[in-house]
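For reference, the structure is listed below as structure tokens.
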Amino acid sequence: MIERNQSSLLKLAGVFLTLFAIILSLSPAVRERAWDVTYRWQHWAGLLAWVAIFTFAHVETRRHLPERDPYLLPVAAMLTGWGLLTIWRLTPEFGLRQTLWMIGTVGLLAISLRFPLNLEIVRRYKYVILTGGLILTSLTLIFGTNPAGTGPRLWLGCCSFYLQPSEPLKLLLVGYLAAYLADRLPARDRLIPLLFPTLLVTGLALLLLLVQRDLGTASIFILLYATIVYIAIGRKRVLLTSIIMLLVAGLVGYLSIDLIRLRIEAWLNPWLDPSGRSYQIVQSLLSIANGGIFGRGPGLGSPTLVPISHSDFIFTAIAEESGLVGIIALLALLALLISRGLRAALMAPDRFRRLLAAGITAYFSIQSLLIIGGNMRVLPLTGVTLPFVSYGGSSLLTSFAALLVLLMISNKADEEPAPFLSPTPYYFVSAVIGLGLVAMALGTGWWTILRSEDLLNRTDNARRAISDRYVQRGTLLDRENTPINVTQGETGNLLRIYLYNELAPVVGYTHPVFGQAGLEASLDGYLRGLQGNPASLIWWDRLLYGTPPPGLDIRLSIDLTLQAEADRLLGDHKGAIVLLNARTGEILVMASHPGFDPNQLDDQGNTLSNNEDAPLLNRATQGHYSPESALEPFSQAMFGESTSVGDNERSELYNALGFFANPQVRMPVATASRSLMNMRISPLQMALATAAISNNGIRPPARIALAVNTPQQGWVILPALDEPVEALPGPFARETALAFAGENPYWSFTSVTSEPSLTWHLAGTLPDWSGTPLALVVLLEENNRPLASGMGQGLLDTALQP
Amino acid sequence: MSAPFVLALRVLLALSLYAFLGWALFTIWNELRTQGTLLAARKIPGINLNIQIGDQPLSQRYFTQSEILLGRDSHCDLPLPDDTVSVRHARLSYHHGQWWLEDLGSTNGTRLNNDKVSIPTVVINGDYVECGKASIVINLGIDTTNPPTQRIPDLGETE
């Protein structure tokens, strides 16, 4: 029965890992959406080693521990294999090392079964063993190194073989406490004299860890000590005192040690400094959120964006690629391990072995809960490992040594369980651990289901930029379907190309580092394929690839021929030109100078944003200019020659002209002024008001995006976001147009202001014009009337040519 | 396309993961069930008690339960209506493969073969137990109150 259970569970674990390895091998094909790719093969070495070493361990345990618990080894094997393949997937170099460590530690476990091991040795020489561990740990104070080069120096060793003595020290502490308490109980002494030696030893270990700044291990020591003493003595007071001590220690640490303050602040409010101090935790949450319910699949997520994902954040990596489904299974595996550990404790034939098994189980549970909770911001982040799963030789060695002891204790032959003082502490501890695991599952559910969307839309989610390299982004076209911004290149290296540089302030850019601007930002939903596509397609692509579907093309109202003319006319002058279809509000020309070359963002991005001339700004919609006397045509239309016009009437007029409201258009606009005082308007607002004069007093809504090319219905019109408004009485508008008309088929008006130096030029077609009615605004950030009217004339002449 | 194929593999992956857990839970449940059935099937060897209270005639009782409470109270498994017997006087219980006698803090004490019982003590066939003035002789494994009926061999069975 035992043999059949253990072997069939190991086989199932093997099936799981083989499937995992196959998917990992195929993952590049899915990412690049083609069969002709470079597949990943390296991790199969890890899987082969796993099969070999656990077959060996299975055979050896069968021979030497015939009555062992059959679930312990398969669960540990499953966790180890899952972790190993995940590490291979994250960093093959670490995967290779972890494979070697696994062969070493599991091999050691299996071979050590051949020797007559006796746990009584631990009991008798408890002080010698613990002192040895303490000395080894204190050696790191002198000879300590960090394999990564920087950071706390907690390791001993050389030549790329490192050991962190504080890891096995935990196990030695458990052994010591179990031996000491088993010998002294039931206690006749009072609590303090009884616990004094253990407090001394544990305090010493804690001091050592604090000096080393190994805070994660230190908190595990306190919790471990509390749990074991509580289980042995059965008084909740012990637990309470330890928790208070931990809180006090945390508070003192918060006030005196920078690292603790940093960790706690990052925990309490990670959103304050997501790119600095809380970078790790925010990236970890993003990663968990990206996993969703089903996970992205092995090799298909981006868990490497989280720093040290192979060790401290391996839970996050698993969450991203296996999803909530995988995480619940992972937590269930841990629960199985813990429950079998507690069972071994309850069935143990004497008090020492009972306490030892309980202590080891507590070690597994506390460490797992601390790091999982830290990964998902339920607890402050402590840099400890997830037993069996995380990268690290010392961690693996300790985990398997603990497993060996558990296996030996569970191998109880025919001995009766020792009698109980009171089973309450065991129930209480297992209930707390169980609740902890449930809380972790709920926490994962919170981030993967409820908060997922908010998190993934954050601008510091680099996965958006990554999916941009793999998924075609929609093209921006002009009204004649001439491409303006296109995405080119091979899947995996797609690049946004900006074909018409001068439009850069208007169409903007999309860039992995500098984000998005202009129309690329405001139309991102369509261009990225998240809008306009059927919800089922979006869901399906997310399930298959973890990316949005291919983006949709958008046709703009811009006329590139006229735009080129406007850009030529504006030249090196600072200013903006807007040319509208006065009836429909379609923006035919929108020029803003100076501009920039978005193809050069990689090199120029930083200097551009600091440039005094503000080349990134779209002056036509985001510029704020004082209109001054440029409003004369409007007041003349409304009030005639009358000079005594009240502020109320003026406000009403400006309101009708749309100066107090943001133009509703699918592009970023400046916030409109709210009153006459210091009123500032953008050239687009002015152009829409101007259109009213050429369109019988009706101010049209602005339109820039005309249509979107959907996969199912072809080109679909994107309607204007606003309704036309009667800004001026029709006859007044017509009169005004004629009043400002010259010998050309259009009217025009130019005004200059000196402080600041601005030139406004307003023009539009006449009421009897039979073609498309047009409205034009030229704004120059200089005092130059002839230049502005020359530009207006030039552009309108081109536009009105039949 | 590669993606739907890999999706199918991912579904299998999740299934194999839960198959592992499911198999573990199934076998644990099975073990629990087997253990339960085993315990339920375990027979407690009956105990036959010959009771003599004062001058009253000798009576016999046969028990197959695992706990027998002796005392003056009528709710006891074996009521001993005598003033020298405490309300809840002593207990006979079967565990670890044996019958144990335990005094429940009675006023006049319990004696086993004339020795006072202070800790739970194993009783064997023919032991003589005294609770106050009530005396009990223990006969293990034989039901003399109700001799088994003889099974008559099948006669009229036809092929």
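In the structure tokens, chains take the letters A, B, ... in the order shown, each chain's residues start at 1, and ligands count up from 1 in the order shown.
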
Could you list, with a cut-off of 6 Å and counting only C-alpha atoms, the residues of chain A near chain B, each shown with its nearest atom pair and the distance in Å rounded to one decimal, rows sorted by chain and ascending number, as CSV?
```
residue,atom,partner,partner_atom,distance
A:Leu12,CA,B:Phe20,CA,5.6
A:Phe16,CA,B:Ser16,CA,5.3
A:Leu19,CA,B:Leu13,CA,5.8
A:Val30,CA,B:Ala3,CA,5.1
A:Leu544,CA,B:Ala3,CA,5.7
```

Could you write out that same residue set with N, CA and C atoms as a tab-separated table (two decimals), in the first residue's frame?
```
chain	number	residue	atom	x	y	z
A	12	LEU	N	2.89	10.39	-11.08
A	12	LEU	CA	2.04	11.53	-11.44
A	12	LEU	C	2.84	12.83	-11.45
A	16	PHE	N	3.38	15.38	-14.61
A	16	PHE	CA	3.21	16.83	-14.52
A	16	PHE	C	4.46	17.56	-15.02
A	19	LEU	N	5.03	17.25	-18.80
A	19	LEU	CA	4.17	18.16	-19.55
A	19	LEU	C	4.70	19.59	-19.44
A	30	VAL	N	4.99	29.60	-29.42
A	30	VAL	CA	3.77	30.32	-29.10
A	30	VAL	C	4.02	31.81	-29.07
A	544	LEU	N	-4.41	32.38	-24.94
A	544	LEU	CA	-3.41	31.68	-25.74
A	544	LEU	C	-2.03	32.28	-25.58
```

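Omitting His511 of chain A and its sequence neighbours fewer than 2 positions away, and counting only C-alpha atoms, the residues within 10 Å are Ala465, Asp468, Leu495, Arg496, Gly508, Tyr509, Val513, Phe514, Gly515, Gln516, Ala517, Glu520, Pro598, Asn599, Leu601, Asp602 and Gly605 of chain A.
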
Mind writing the picked residues with N, CA and C atoms as a PDB file, in the first residue's frame?
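Once written, part_13.pdb looks like this:
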```
ATOM      1  N   ALA A 465       4.766  46.855 -23.087  1.00  0.00           N
ATOM      2  CA  ALA A 465       5.817  47.095 -24.067  1.00  0.00           C
ATOM      3  C   ALA A 465       6.279  45.783 -24.687  1.00  0.00           C
ATOM      4  N   ASP A 468       3.879  44.663 -27.232  1.00  0.00           N
ATOM      5  CA  ASP A 468       4.010  45.482 -28.437  1.00  0.00           C
ATOM      6  C   ASP A 468       5.070  44.925 -29.387  1.00  0.00           C
ATOM      7  N   LEU A 495       8.573  47.034 -34.439  1.00  0.00           N
ATOM      8  CA  LEU A 495       9.013  48.387 -34.115  1.00  0.00           C
ATOM      9  C   LEU A 495       8.027  49.365 -34.729  1.00  0.00           C
ATOM     10  N   ARG A 496       7.721  50.419 -34.001  1.00  0.00           N
ATOM     11  CA  ARG A 496       6.829  51.442 -34.518  1.00  0.00           C
ATOM     12  C   ARG A 496       7.658  52.390 -35.376  1.00  0.00           C
ATOM     13  N   GLY A 508       1.907  61.765 -31.953  1.00  0.00           N
ATOM     14  CA  GLY A 508       2.583  61.263 -30.763  1.00  0.00           C
ATOM     15  C   GLY A 508       3.428  60.045 -31.046  1.00  0.00           C
ATOM     16  N   TYR A 509       3.670  59.256 -30.015  1.00  0.00           N
ATOM     17  CA  TYR A 509       4.555  58.096 -30.146  1.00  0.00           C
ATOM     18  C   TYR A 509       4.123  57.054 -29.144  1.00  0.00           C
ATOM     19  N   VAL A 513      10.078  52.939 -23.202  1.00  0.00           N
ATOM     20  CA  VAL A 513      10.609  53.667 -22.050  1.00  0.00           C
ATOM     21  C   VAL A 513       9.820  54.946 -21.794  1.00  0.00           C
ATOM     22  N   PHE A 514       9.525  55.676 -22.862  1.00  0.00           N
ATOM     23  CA  PHE A 514       8.933  56.993 -22.668  1.00  0.00           C
ATOM     24  C   PHE A 514       7.413  56.961 -22.708  1.00  0.00           C
ATOM     25  N   GLY A 515       6.852  55.790 -22.869  1.00  0.00           N
ATOM     26  CA  GLY A 515       5.398  55.692 -22.805  1.00  0.00           C
ATOM     27  C   GLY A 515       4.733  56.148 -24.088  1.00  0.00           C
ATOM     28  N   GLN A 516       3.576  56.733 -23.936  1.00  0.00           N
ATOM     29  CA  GLN A 516       2.796  57.090 -25.110  1.00  0.00           C
ATOM     30  C   GLN A 516       2.390  58.556 -25.047  1.00  0.00           C
ATOM     31  N   ALA A 517       2.161  59.138 -26.226  1.00  0.00           N
ATOM     32  CA  ALA A 517       1.717  60.523 -26.287  1.00  0.00           C
ATOM     33  C   ALA A 517       0.837  60.697 -27.506  1.00  0.00           C
ATOM     34  N   GLU A 520      -1.372  58.322 -30.424  1.00  0.00           N
ATOM     35  CA  GLU A 520      -0.953  56.964 -30.051  1.00  0.00           C
ATOM     36  C   GLU A 520      -1.449  56.631 -28.656  1.00  0.00           C
ATOM     37  N   PRO A 598      10.148  61.199 -33.846  1.00  0.00           N
ATOM     38  CA  PRO A 598       9.866  60.111 -32.904  1.00  0.00           C
ATOM     39  C   PRO A 598      10.669  58.850 -33.188  1.00  0.00           C
ATOM     40  N   ASN A 599      11.234  58.740 -34.389  1.00  0.00           N
ATOM     41  CA  ASN A 599      12.071  57.568 -34.676  1.00  0.00           C
ATOM     42  C   ASN A 599      13.378  57.610 -33.897  1.00  0.00           C
ATOM     43  N   LEU A 601      13.593  58.618 -30.707  1.00  0.00           N
ATOM     44  CA  LEU A 601      13.295  58.758 -29.272  1.00  0.00           C
ATOM     45  C   LEU A 601      14.317  58.057 -28.392  1.00  0.00           C
ATOM     46  N   ASP A 602      14.800  56.902 -28.826  1.00  0.00           N
ATOM     47  CA  ASP A 602      15.763  56.150 -28.025  1.00  0.00           C
ATOM     48  C   ASP A 602      16.898  57.038 -27.564  1.00  0.00           C
ATOM     49  N   GLY A 605      15.022  61.031 -26.258  1.00  0.00           N
ATOM     50  CA  GLY A 605      13.886  61.125 -25.348  1.00  0.00           C
ATOM     51  C   GLY A 605      14.098  62.025 -24.156  1.00  0.00           C
TER      52      GLY A 605
END
```

Task: DSSP strand (DSSP E or B) residues within chain B, as number ranges by chain - done: B: 47-53, 59-63, 67-71, 78-79, 90-95, 98-103, 110-112, 115-116, 121-122, 128-131, 134-140

File of the preceding selection, N, CA and C atoms, as a short mmCIF file (atom, residue, chain, number, x, y, z; two decimals), in the first residue's frame:
```cif
data_model
loop_
_atom_site.label_atom_id
_atom_site.label_comp_id
_atom_site.auth_asym_id
_atom_site.auth_seq_id
_atom_site.Cartn_x
_atom_site.Cartn_y
_atom_site.Cartn_z
N ILE B 47 -17.06 -10.21 28.30
CA ILE B 47 -16.66 -10.40 29.69
C ILE B 47 -17.89 -10.86 30.47
N ASN B 48 -17.70 -11.89 31.22
CA ASN B 48 -18.79 -12.49 31.97
C ASN B 48 -18.55 -12.20 33.46
N LEU B 49 -19.53 -11.57 34.12
CA LEU B 49 -19.35 -11.17 35.51
C LEU B 49 -20.33 -11.94 36.41
N ASN B 50 -19.79 -12.60 37.47
CA ASN B 50 -20.62 -13.27 38.47
C ASN B 50 -20.69 -12.36 39.69
N ILE B 51 -21.87 -11.85 40.00
CA ILE B 51 -21.98 -10.81 41.00
C ILE B 51 -22.66 -11.35 42.25
N GLN B 52 -22.07 -11.02 43.37
CA GLN B 52 -22.64 -11.40 44.66
C GLN B 52 -22.71 -10.14 45.52
N ILE B 53 -23.95 -9.66 45.83
CA ILE B 53 -24.09 -8.50 46.71
C ILE B 53 -24.70 -8.97 48.03
N SER B 59 -25.80 -13.40 40.78
CA SER B 59 -26.36 -13.09 39.45
C SER B 59 -25.22 -13.04 38.43
N GLN B 60 -25.61 -13.17 37.17
CA GLN B 60 -24.60 -13.19 36.11
C GLN B 60 -24.95 -12.15 35.05
N ARG B 61 -23.91 -11.44 34.57
CA ARG B 61 -24.13 -10.50 33.46
C ARG B 61 -23.05 -10.72 32.41
N TYR B 62 -23.42 -10.52 31.15
CA TYR B 62 -22.43 -10.67 30.07
C TYR B 62 -22.37 -9.37 29.27
N PHE B 63 -21.17 -8.83 29.04
CA PHE B 63 -21.02 -7.55 28.32
C PHE B 63 -20.15 -7.73 27.08
N GLU B 67 -16.62 -0.43 27.52
CA GLU B 67 -16.54 0.25 28.81
C GLU B 67 -17.71 -0.16 29.68
N ILE B 68 -17.42 -0.58 30.91
CA ILE B 68 -18.49 -0.97 31.82
C ILE B 68 -18.32 -0.14 33.10
N LEU B 69 -19.36 0.60 33.41
CA LEU B 69 -19.30 1.44 34.60
C LEU B 69 -20.01 0.70 35.73
N LEU B 70 -19.32 0.62 36.87
CA LEU B 70 -19.88 -0.07 38.03
C LEU B 70 -20.22 0.98 39.08
N GLY B 71 -21.43 0.86 39.73
CA GLY B 71 -21.77 1.83 40.77
C GLY B 71 -23.17 1.63 41.29
N LEU B 78 -23.46 -1.61 35.19
CA LEU B 78 -23.67 -2.70 36.14
C LEU B 78 -24.07 -2.07 37.48
N PRO B 79 -25.38 -1.91 37.71
CA PRO B 79 -25.79 -1.31 38.98
C PRO B 79 -25.53 -2.27 40.15
N ALA B 90 -16.40 2.16 39.99
CA ALA B 90 -15.21 1.66 39.29
C ALA B 90 -15.56 1.47 37.81
N ARG B 91 -14.53 1.26 37.02
CA ARG B 91 -14.76 1.09 35.59
C ARG B 91 -13.93 -0.07 35.08
N LEU B 92 -14.56 -0.86 34.24
CA LEU B 92 -13.83 -1.90 33.51
C LEU B 92 -13.76 -1.43 32.06
N SER B 93 -12.59 -1.39 31.48
CA SER B 93 -12.52 -0.94 30.09
C SER B 93 -11.56 -1.82 29.30
N TYR B 94 -11.86 -1.94 27.99
CA TYR B 94 -11.04 -2.79 27.14
C TYR B 94 -10.20 -1.90 26.23
N HIS B 95 -8.90 -1.92 26.36
CA HIS B 95 -8.02 -1.27 25.38
C HIS B 95 -6.65 -1.94 25.45
N GLN B 98 -6.54 -5.62 26.31
CA GLN B 98 -6.80 -6.20 27.62
C GLN B 98 -7.93 -5.47 28.33
N TRP B 99 -8.48 -6.18 29.32
CA TRP B 99 -9.47 -5.54 30.19
C TRP B 99 -8.77 -4.91 31.37
N TRP B 100 -9.15 -3.66 31.65
CA TRP B 100 -8.51 -2.91 32.74
C TRP B 100 -9.55 -2.55 33.78
N LEU B 101 -9.11 -2.61 35.04
CA LEU B 101 -9.99 -2.19 36.14
C LEU B 101 -9.44 -0.89 36.70
N GLU B 102 -10.35 0.06 36.93
CA GLU B 102 -9.91 1.39 37.37
C GLU B 102 -10.87 1.86 38.46
N ASP B 103 -10.33 2.30 39.58
CA ASP B 103 -11.17 2.83 40.64
C ASP B 103 -11.49 4.29 40.32
N THR B 110 -11.76 -0.06 45.82
CA THR B 110 -11.96 -1.24 45.00
C THR B 110 -10.78 -2.15 45.26
N ARG B 111 -11.05 -3.43 45.40
CA ARG B 111 -9.95 -4.36 45.62
C ARG B 111 -9.93 -5.43 44.53
N LEU B 112 -8.73 -5.79 44.12
CA LEU B 112 -8.57 -6.85 43.13
C LEU B 112 -7.77 -7.95 43.80
N ASP B 115 -6.12 -6.93 46.85
CA ASP B 115 -5.20 -5.77 46.84
C ASP B 115 -5.97 -4.54 46.39
N LYS B 116 -5.68 -3.42 47.04
CA LYS B 116 -6.38 -2.19 46.70
C LYS B 116 -5.95 -1.72 45.30
N THR B 121 -5.52 -1.32 36.38
CA THR B 121 -4.83 -2.60 36.47
C THR B 121 -5.48 -3.60 35.53
N VAL B 122 -4.65 -4.43 34.93
CA VAL B 122 -5.16 -5.44 34.02
C VAL B 122 -5.84 -6.55 34.83
N TYR B 128 -10.88 -11.76 41.20
CA TYR B 128 -11.92 -11.53 42.19
C TYR B 128 -11.91 -10.05 42.54
N VAL B 129 -12.99 -9.35 42.19
CA VAL B 129 -13.04 -7.90 42.38
C VAL B 129 -14.05 -7.57 43.47
N GLU B 130 -13.68 -6.67 44.38
CA GLU B 130 -14.61 -6.24 45.43
C GLU B 130 -14.83 -4.74 45.37
N CYS B 131 -16.11 -4.35 45.29
CA CYS B 131 -16.46 -2.94 45.38
C CYS B 131 -17.29 -2.80 46.63
N ALA B 134 -19.83 -5.54 47.61
CA ALA B 134 -20.21 -6.31 46.42
C ALA B 134 -18.98 -7.01 45.89
N SER B 135 -19.14 -8.27 45.49
CA SER B 135 -17.98 -8.96 44.94
C SER B 135 -18.32 -9.51 43.56
N ILE B 136 -17.31 -9.49 42.69
CA ILE B 136 -17.52 -9.87 41.30
C ILE B 136 -16.41 -10.81 40.89
N VAL B 137 -16.77 -11.89 40.25
CA VAL B 137 -15.76 -12.80 39.71
C VAL B 137 -15.78 -12.67 38.19
N ILE B 138 -14.58 -12.54 37.64
CA ILE B 138 -14.49 -12.26 36.21
C ILE B 138 -14.24 -13.53 35.42
N ASN B 139 -15.05 -13.74 34.39
CA ASN B 139 -14.84 -14.84 33.44
C ASN B 139 -14.72 -14.24 32.06
N LEU B 140 -13.57 -14.36 31.43
CA LEU B 140 -13.36 -13.70 30.14
C LEU B 140 -13.78 -14.61 29.01
#
```

Open item on the list: Report as a PyMOL selection string all protein, DNA and RNA residues lying within 7 Å of Ser757 of chain A, evaluated on only C-alpha atoms, omitting residues in the same chain fewer than 5 positions from it.
Closed with: chain A and resi 781-783

Those same residues - C-alpha atoms - I'd like them written as an mmCIF file, in the first residue's frame.
```cif
data_model
loop_
_atom_site.group_PDB
_atom_site.id
_atom_site.type_symbol
_atom_site.label_atom_id
_atom_site.label_comp_id
_atom_site.auth_asym_id
_atom_site.auth_seq_id
_atom_site.Cartn_x
_atom_site.Cartn_y
_atom_site.Cartn_z
ATOM 1 C CA GLU A 781 4.550 82.809 -31.113
ATOM 2 C CA GLU A 782 6.007 86.008 -32.547
ATOM 3 C CA ASN A 783 4.808 89.407 -33.616
#
```

Could you list, with a cut-off of 12 Å and counting only C-alpha atoms, the residues of segment 262-366 of chain A near segment 420-438 of chain A, each shown with its nearest atom pair and the distance in Å rounded to one decimal, rows sorted by chain and ascending number, as CSV?
```
residue,atom,partner,partner_atom,distance
A:Ile327,CA,A:Leu437,CA,10.6
A:Ile328,CA,A:Val438,CA,9.0
A:Ala329,CA,A:Leu437,CA,11.2
A:Leu330,CA,A:Leu437,CA,10.1
A:Leu331,CA,A:Leu437,CA,6.4
A:Ala332,CA,A:Leu437,CA,8.2
A:Leu333,CA,A:Leu437,CA,10.5
A:Leu334,CA,A:Leu437,CA,8.4
A:Ala335,CA,A:Gly434,CA,7.2
A:Leu336,CA,A:Gly434,CA,10.4
A:Leu337,CA,A:Gly434,CA,11.8
A:Ile338,CA,A:Ser430,CA,8.4
A:Ser339,CA,A:Ser430,CA,7.7
A:Arg340,CA,A:Ser430,CA,11.0
A:Gly341,CA,A:Ser430,CA,10.4
A:Leu342,CA,A:Tyr426,CA,7.7
A:Arg343,CA,A:Tyr426,CA,9.8
A:Ala344,CA,A:Tyr426,CA,11.8
A:Ala345,CA,A:Tyr426,CA,9.1
A:Leu346,CA,A:Tyr426,CA,8.3
A:Met347,CA,A:Phe420,CA,10.4
A:Ala348,CA,A:Phe420,CA,10.6
A:Pro349,CA,A:Phe420,CA,10.7
A:Asp350,CA,A:Phe420,CA,9.8
A:Arg351,CA,A:Phe420,CA,8.7
A:Arg354,CA,A:Phe420,CA,10.1
A:Leu355,CA,A:Tyr426,CA,10.4
A:Ala357,CA,A:Tyr426,CA,11.5
A:Ala358,CA,A:Tyr426,CA,8.3
A:Gly359,CA,A:Val429,CA,10.9
A:Thr361,CA,A:Ser430,CA,9.8
A:Ala362,CA,A:Val429,CA,8.5
A:Tyr363,CA,A:Ile433,CA,11.2
A:Phe364,CA,A:Ile433,CA,10.4
A:Ser365,CA,A:Ile433,CA,6.8
A:Ile366,CA,A:Ile433,CA,8.1
```

Deliver the residues from the most recent selection as a file, using N, CA and C atoms, as a short mmCIF file (atom, residue, chain, number, x, y, z; two decimals), in the first residue's frame.
```cif
data_model
loop_
_atom_site.label_atom_id
_atom_site.label_comp_id
_atom_site.auth_asym_id
_atom_site.auth_seq_id
_atom_site.Cartn_x
_atom_site.Cartn_y
_atom_site.Cartn_z
N ILE A 327 -1.63 28.05 -8.24
CA ILE A 327 -1.27 28.48 -6.90
C ILE A 327 -2.09 27.72 -5.85
N ILE A 328 -3.36 27.52 -6.17
CA ILE A 328 -4.19 26.76 -5.21
C ILE A 328 -3.61 25.35 -5.06
N ALA A 329 -3.18 24.77 -6.18
CA ALA A 329 -2.57 23.44 -6.11
C ALA A 329 -1.27 23.48 -5.31
N LEU A 330 -0.48 24.54 -5.52
CA LEU A 330 0.78 24.66 -4.79
C LEU A 330 0.52 24.75 -3.29
N LEU A 331 -0.47 25.57 -2.92
CA LEU A 331 -0.81 25.70 -1.50
C LEU A 331 -1.35 24.38 -0.96
N ALA A 332 -2.10 23.67 -1.80
CA ALA A 332 -2.62 22.37 -1.36
C ALA A 332 -1.47 21.39 -1.13
N LEU A 333 -0.44 21.46 -2.00
CA LEU A 333 0.73 20.60 -1.80
C LEU A 333 1.39 20.91 -0.47
N LEU A 334 1.53 22.21 -0.19
CA LEU A 334 2.14 22.59 1.08
C LEU A 334 1.26 22.10 2.24
N ALA A 335 -0.05 22.24 2.07
CA ALA A 335 -0.96 21.79 3.13
C ALA A 335 -0.81 20.29 3.36
N LEU A 336 -0.66 19.55 2.26
CA LEU A 336 -0.49 18.10 2.37
C LEU A 336 0.79 17.78 3.13
N LEU A 337 1.87 18.46 2.74
CA LEU A 337 3.16 18.25 3.41
C LEU A 337 3.03 18.53 4.90
N ILE A 338 2.38 19.65 5.22
CA ILE A 338 2.28 20.08 6.61
C ILE A 338 1.40 19.12 7.40
N SER A 339 0.28 18.70 6.79
CA SER A 339 -0.61 17.81 7.54
C SER A 339 0.04 16.45 7.77
N ARG A 340 0.81 15.98 6.78
CA ARG A 340 1.49 14.70 7.00
C ARG A 340 2.59 14.85 8.05
N GLY A 341 3.22 16.03 8.08
CA GLY A 341 4.24 16.29 9.10
C GLY A 341 3.61 16.26 10.49
N LEU A 342 2.46 16.93 10.63
CA LEU A 342 1.80 16.96 11.94
C LEU A 342 1.32 15.56 12.33
N ARG A 343 0.89 14.80 11.32
CA ARG A 343 0.46 13.43 11.60
C ARG A 343 1.63 12.61 12.13
N ALA A 344 2.79 12.80 11.48
CA ALA A 344 3.98 12.08 11.96
C ALA A 344 4.26 12.49 13.40
N ALA A 345 4.05 13.77 13.71
CA ALA A 345 4.28 14.23 15.08
C ALA A 345 3.33 13.54 16.05
N LEU A 346 2.05 13.48 15.69
CA LEU A 346 1.07 12.89 16.59
C LEU A 346 1.32 11.40 16.80
N MET A 347 1.79 10.74 15.75
CA MET A 347 1.99 9.30 15.85
C MET A 347 3.35 8.94 16.41
N ALA A 348 4.18 9.97 16.71
CA ALA A 348 5.57 9.68 17.10
C ALA A 348 5.60 8.89 18.41
N PRO A 349 6.56 7.95 18.52
CA PRO A 349 6.58 7.06 19.69
C PRO A 349 7.11 7.71 20.97
N ASP A 350 7.80 8.83 20.88
CA ASP A 350 8.19 9.47 22.15
C ASP A 350 8.14 11.00 21.99
N ARG A 351 8.30 11.65 23.13
CA ARG A 351 8.07 13.08 23.14
C ARG A 351 9.10 13.85 22.32
N ARG A 354 8.26 13.51 18.76
CA ARG A 354 7.03 14.24 18.49
C ARG A 354 7.32 15.74 18.33
N LEU A 355 8.09 16.26 19.28
CA LEU A 355 8.41 17.69 19.21
C LEU A 355 9.26 18.01 17.99
N ALA A 357 9.31 16.43 15.07
CA ALA A 357 8.47 16.42 13.86
C ALA A 357 7.60 17.67 13.80
N ALA A 358 7.02 18.04 14.95
CA ALA A 358 6.18 19.23 14.98
C ALA A 358 7.01 20.47 14.64
N GLY A 359 8.23 20.53 15.19
CA GLY A 359 9.10 21.69 14.93
C GLY A 359 9.46 21.79 13.47
N THR A 361 7.76 20.61 10.94
CA THR A 361 6.56 21.03 10.21
C THR A 361 6.34 22.53 10.38
N ALA A 362 6.56 23.01 11.61
CA ALA A 362 6.42 24.45 11.85
C ALA A 362 7.41 25.23 11.00
N TYR A 363 8.63 24.69 10.88
CA TYR A 363 9.64 25.36 10.05
C TYR A 363 9.18 25.47 8.60
N PHE A 364 8.66 24.36 8.05
CA PHE A 364 8.15 24.40 6.67
C PHE A 364 7.03 25.43 6.54
N SER A 365 6.09 25.39 7.49
CA SER A 365 4.92 26.26 7.34
C SER A 365 5.27 27.72 7.52
N ILE A 366 6.03 28.03 8.57
CA ILE A 366 6.32 29.44 8.85
C ILE A 366 7.07 30.05 7.68
#
```

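In terms of minimum interatomic distance to Gly132 of chain B, B:Val85 ranks closest within B:Val85, B:Ser66, B:Ile119, B:Ser74, counting only C-alpha atoms.
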
TODO: Might you pull out every residue within 12 Å of segment 194-198 of chain A, with only C-alpha atoms counted and same-chain residues fewer than 3 positions away left off, and present them as an NGL selection string?
DONE: :A and (126-127 or 130 or 173-191 or 201-206 or 221-222 or 225-226 or 228-230 or 232-233 or 238)
